[in-house]
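Student: Sending over a structure as structure tokens; questions will come in a sec.
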Amino acid sequence: MIDRIISLLFVFFIAISSVIFFVLAFLIWFCTLLFDRRLVVLHQFTSFWAYLYIWTMPAWSVSIQGRHKIKKGATYIVVSNHQSQLDILVAFGLFFHFKWVSKAEIFRVPLIGWNMVLNRYIKIKRGDRESIQKMLEKCEKTIAQGSSIFFFPEGTRSKNGLLKSFKPGAFVLAKKMKMPILPIAINGSKNALPKHSLNFHGKHKIEIKVLDEIPYGDFKALNIDEIAEYVRDKIAAHVHEHTKSP
């Protein structure tokens, strides 16, 4: 019962604070649009907005490792495993500039989804070929403007923490644009907020680890499926469900 009350209070806090933060986000968007074409300031504010919910939940202890591996001014294809909706909040805690690739229905969520539209994050309809092609075209333009792109290439959250197979979009883009890939491993979020649950689940340690970037030269001779498996193996080597003894 206490866990349910905590969850309801936290959701209420998110709802109320989102009204305030969306108004601020709109004002930032309006005031910076002419001189901040990549919307860097708005994304940094959005990162603060998102990570605030980590800071205000004492039960979630997040450690960030390898932040220094993100080169200032570099543009990446960022790929991460996906265990929980918390992964999004945790990733914002890296506070570097990128655009999300996210399911189209999330953009329709009041306030939070509207802010994603303001940030020009990139929509994709799962299983829709035309949408996937438009997504890739939008990503190419965004990269050309100097913004990194963040993918969860599993396409959906893992129920047991084990990595699902990686969809090809991120790797098609990396090879075509000759972009370095920045792999990220997230641990602990699955237990803090399991899939299909909004209940409070007690204290949990969450870890986000930035791995060494993979330069284009390391995968230019590989086909798309080989690149996807290569990157998946690198991330899996740092995901607890893949490394713990049977």
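By convention here, the chains of the structure tokens are called A, B, ... in the order presented, each chain's residues are numbered starting at 1, and ligands are numbered starting at 1 in the order presented.
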Excluding Val239 of chain A and any residue of its chain fewer than 6 positions from it, enumerate the residues within 10 Å of it, using only C-alpha atoms, and give them as a list in words.
Tutor: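 In the requested format, the answer is Asn81, Gly161, Leu162, Leu163, Ile184, Ala185, Ile186, Asn187, Gly188, Glu207, Ile208, Lys209 and Asp233 of chain A.
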Student: Give the answer as one residue: which of A:Val117, A:Ile2, A:Ile28, A:Leu211 has the shortest atom-to-atom distance to Gln65 of chain A, using only C-alpha atoms?
Tutor: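 So, comparing all the options, the nearest one is A:Leu211.
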Student: Write out as a ChimeraX atom specification the set of residues from segment 76-246 of chain A that DSSP, computed on the backbone, places in strand (DSSP E).
Tutor: /A:77-80,98-103,122-124,148-151,181-187,204-210
Student: Between A:Met177, A:Ile88, A:Ala104, A:Leu111, single out the one closest to Lys125 of chain A, counting only C-alpha atoms.
Tutor: A:Ala104
Student: Can you pull out the residues contacting Ile214 of chain A? Cut-off 7 Å, using only C-alpha atoms, and skip same-chain residues under 6 positions away; I want them as a ChimeraX atom specification.
Tutor: /A:180-182
Student: Might you pull out every residue within 12 Å of Thr32 of chain A, with only C-alpha atoms counted and same-chain residues fewer than 4 positions away left off, and present them as a CSV table (one decimal) with N, CA and C atoms, in the first residue's frame?
Tutor:
```
chain,number,residue,atom,x,y,z
A,25,ALA,N,9.9,25.6,-21.2
A,25,ALA,CA,10.6,25.1,-22.4
A,25,ALA,C,10.1,25.9,-23.6
A,26,PHE,N,8.8,26.2,-23.7
A,26,PHE,CA,8.3,26.9,-24.8
A,26,PHE,C,8.9,28.3,-24.9
A,27,LEU,N,9.1,28.9,-23.7
A,27,LEU,CA,9.7,30.3,-23.7
A,27,LEU,C,11.2,30.2,-24.1
A,28,ILE,N,11.9,29.2,-23.7
A,28,ILE,CA,13.3,29.0,-24.1
A,28,ILE,C,13.3,28.8,-25.6
A,36,ASP,N,19.9,29.7,-32.1
A,36,ASP,CA,20.3,28.3,-31.6
A,36,ASP,C,19.6,27.3,-32.5
A,37,ARG,N,20.1,27.1,-33.7
A,37,ARG,CA,19.4,26.3,-34.7
A,37,ARG,C,19.3,24.8,-34.4
A,38,ARG,N,20.3,24.4,-33.6
A,38,ARG,CA,20.3,23.0,-33.2
A,38,ARG,C,19.5,22.8,-31.9
A,39,LEU,N,19.0,23.9,-31.3
A,39,LEU,CA,18.2,23.8,-30.0
A,39,LEU,C,19.0,23.2,-28.9
A,40,VAL,N,20.3,23.6,-28.8
A,40,VAL,CA,21.2,23.1,-27.7
A,40,VAL,C,20.7,23.5,-26.4
A,41,VAL,N,20.3,24.8,-26.2
A,41,VAL,CA,19.9,25.3,-24.9
A,41,VAL,C,18.6,24.6,-24.5
A,42,LEU,N,17.7,24.4,-25.4
A,42,LEU,CA,16.4,23.7,-25.1
A,42,LEU,C,16.7,22.3,-24.7
A,43,HIS,N,17.6,21.6,-25.4
A,43,HIS,CA,17.9,20.2,-25.0
A,43,HIS,C,18.5,20.2,-23.6
A,118,LEU,N,9.0,20.3,-29.8
A,118,LEU,CA,9.8,21.5,-29.7
A,118,LEU,C,11.3,21.3,-30.0
A,119,ASN,N,11.8,20.2,-29.4
A,119,ASN,CA,13.2,19.8,-29.5
A,119,ASN,C,13.6,19.2,-30.9
```
Student: Would you mind listing what lies within 10 Å of segment 153-157 of chain A as a PDB file with N, CA and C atoms, in the first residue's frame, with only C-alpha atoms counted and same-chain residues fewer than 6 positions away left out?
Tutor:
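Saved result, out.pdb, follows:
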```pdb
ATOM      1  N   VAL A  78      24.550   7.280 -31.129  1.00  0.00           N
ATOM      2  CA  VAL A  78      24.577   6.747 -29.771  1.00  0.00           C
ATOM      3  C   VAL A  78      23.612   5.568 -29.693  1.00  0.00           C
ATOM      4  N   VAL A  79      24.075   4.436 -29.174  1.00  0.00           N
ATOM      5  CA  VAL A  79      23.208   3.267 -29.046  1.00  0.00           C
ATOM      6  C   VAL A  79      23.308   2.711 -27.627  1.00  0.00           C
ATOM      7  N   SER A  80      22.167   2.321 -27.079  1.00  0.00           N
ATOM      8  CA  SER A  80      22.116   1.833 -25.701  1.00  0.00           C
ATOM      9  C   SER A  80      21.147   0.669 -25.596  1.00  0.00           C
ATOM     10  N   ASN A  81      21.396  -0.202 -24.613  1.00  0.00           N
ATOM     11  CA  ASN A  81      20.391  -1.202 -24.272  1.00  0.00           C
ATOM     12  C   ASN A  81      19.207  -0.511 -23.604  1.00  0.00           C
ATOM     13  N   HIS A  82      18.093  -1.227 -23.523  1.00  0.00           N
ATOM     14  CA  HIS A  82      16.845  -0.598 -23.054  1.00  0.00           C
ATOM     15  C   HIS A  82      16.118  -1.560 -22.119  1.00  0.00           C
ATOM     16  N   GLN A  83      16.116  -1.209 -20.814  1.00  0.00           N
ATOM     17  CA  GLN A  83      15.504  -2.073 -19.811  1.00  0.00           C
ATOM     18  C   GLN A  83      14.225  -1.496 -19.219  1.00  0.00           C
ATOM     19  N   SER A  84      14.066  -0.176 -19.281  1.00  0.00           N
ATOM     20  CA  SER A  84      12.988   0.472 -18.537  1.00  0.00           C
ATOM     21  C   SER A  84      12.741   1.866 -19.095  1.00  0.00           C
ATOM     22  N   GLN A  85      11.553   2.398 -18.813  1.00  0.00           N
ATOM     23  CA  GLN A  85      11.297   3.792 -19.169  1.00  0.00           C
ATOM     24  C   GLN A  85      12.253   4.734 -18.451  1.00  0.00           C
ATOM     25  N   ASP A  87      15.320   4.516 -18.400  1.00  0.00           N
ATOM     26  CA  ASP A  87      16.533   4.683 -19.210  1.00  0.00           C
ATOM     27  C   ASP A  87      16.583   6.063 -19.850  1.00  0.00           C
ATOM     28  N   VAL A 101      15.611   9.283 -31.123  1.00  0.00           N
ATOM     29  CA  VAL A 101      14.690   8.616 -32.038  1.00  0.00           C
ATOM     30  C   VAL A 101      13.695   7.866 -31.155  1.00  0.00           C
ATOM     31  N   SER A 102      12.411   8.185 -31.298  1.00  0.00           N
ATOM     32  CA  SER A 102      11.414   7.646 -30.376  1.00  0.00           C
ATOM     33  C   SER A 102      10.128   7.301 -31.111  1.00  0.00           C
ATOM     34  N   LYS A 103       9.359   6.408 -30.500  1.00  0.00           N
ATOM     35  CA  LYS A 103       8.071   5.991 -31.070  1.00  0.00           C
ATOM     36  C   LYS A 103       7.147   7.201 -31.262  1.00  0.00           C
ATOM     37  N   ARG A 126       6.819   2.089 -35.488  1.00  0.00           N
ATOM     38  CA  ARG A 126       7.385   0.750 -35.485  1.00  0.00           C
ATOM     39  C   ARG A 126       6.754  -0.114 -36.585  1.00  0.00           C
ATOM     40  N   LEU A 163      19.820  -8.502 -23.647  1.00  0.00           N
ATOM     41  CA  LEU A 163      19.651  -7.705 -24.855  1.00  0.00           C
ATOM     42  C   LEU A 163      18.916  -8.484 -25.935  1.00  0.00           C
ATOM     43  N   LYS A 164      17.912  -7.837 -26.522  1.00  0.00           N
ATOM     44  CA  LYS A 164      17.249  -8.385 -27.683  1.00  0.00           C
ATOM     45  C   LYS A 164      18.122  -8.119 -28.909  1.00  0.00           C
ATOM     46  N   SER A 165      17.743  -8.667 -30.043  1.00  0.00           N
ATOM     47  CA  SER A 165      18.502  -8.380 -31.266  1.00  0.00           C
ATOM     48  C   SER A 165      18.360  -6.903 -31.606  1.00  0.00           C
ATOM     49  N   PHE A 166      19.381  -6.346 -32.255  1.00  0.00           N
ATOM     50  CA  PHE A 166      19.389  -4.935 -32.604  1.00  0.00           C
ATOM     51  C   PHE A 166      18.809  -4.725 -33.998  1.00  0.00           C
ATOM     52  N   LYS A 167      17.901  -3.759 -34.097  1.00  0.00           N
ATOM     53  CA  LYS A 167      17.346  -3.390 -35.393  1.00  0.00           C
ATOM     54  C   LYS A 167      18.395  -2.582 -36.173  1.00  0.00           C
ATOM     55  N   PRO A 168      18.305  -2.567 -37.501  1.00  0.00           N
ATOM     56  CA  PRO A 168      19.429  -2.066 -38.307  1.00  0.00           C
ATOM     57  C   PRO A 168      19.543  -0.558 -38.455  1.00  0.00           C
ATOM     58  N   GLY A 169      18.483   0.214 -38.166  1.00  0.00           N
ATOM     59  CA  GLY A 169      18.461   1.630 -38.511  1.00  0.00           C
ATOM     60  C   GLY A 169      19.690   2.421 -38.105  1.00  0.00           C
ATOM     61  N   ALA A 170      20.100   2.300 -36.844  1.00  0.00           N
ATOM     62  CA  ALA A 170      21.242   3.070 -36.349  1.00  0.00           C
ATOM     63  C   ALA A 170      22.514   2.733 -37.115  1.00  0.00           C
ATOM     64  N   PHE A 171      22.632   1.487 -37.521  1.00  0.00           N
ATOM     65  CA  PHE A 171      23.874   1.021 -38.138  1.00  0.00           C
ATOM     66  C   PHE A 171      23.905   1.312 -39.640  1.00  0.00           C
ATOM     67  N   LYS A 190      15.811  -1.853 -14.824  1.00  0.00           N
ATOM     68  CA  LYS A 190      14.747  -2.857 -14.994  1.00  0.00           C
ATOM     69  C   LYS A 190      14.048  -3.155 -13.666  1.00  0.00           C
ATOM     70  N   PRO A 194      10.077  -1.840 -13.591  1.00  0.00           N
ATOM     71  CA  PRO A 194       9.917  -2.917 -14.575  1.00  0.00           C
ATOM     72  C   PRO A 194       8.953  -2.537 -15.694  1.00  0.00           C
ATOM     73  N   LYS A 195       9.079  -3.241 -16.800  1.00  0.00           N
ATOM     74  CA  LYS A 195       8.204  -3.014 -17.947  1.00  0.00           C
ATOM     75  C   LYS A 195       6.748  -3.213 -17.540  1.00  0.00           C
ATOM     76  N   HIS A 196       5.883  -2.320 -18.026  1.00  0.00           N
ATOM     77  CA  HIS A 196       4.440  -2.349 -17.770  1.00  0.00           C
ATOM     78  C   HIS A 196       4.106  -2.107 -16.291  1.00  0.00           C
ATOM     79  N   ALA A 228      25.670  -4.465 -36.337  1.00  0.00           N
ATOM     80  CA  ALA A 228      24.695  -4.546 -35.245  1.00  0.00           C
ATOM     81  C   ALA A 228      25.131  -5.573 -34.199  1.00  0.00           C
ATOM     82  N   ARG A 232      26.297  -4.835 -30.402  1.00  0.00           N
ATOM     83  CA  ARG A 232      25.514  -5.521 -29.374  1.00  0.00           C
ATOM     84  C   ARG A 232      26.422  -6.285 -28.421  1.00  0.00           C
TER      85      ARG A 232
END
```
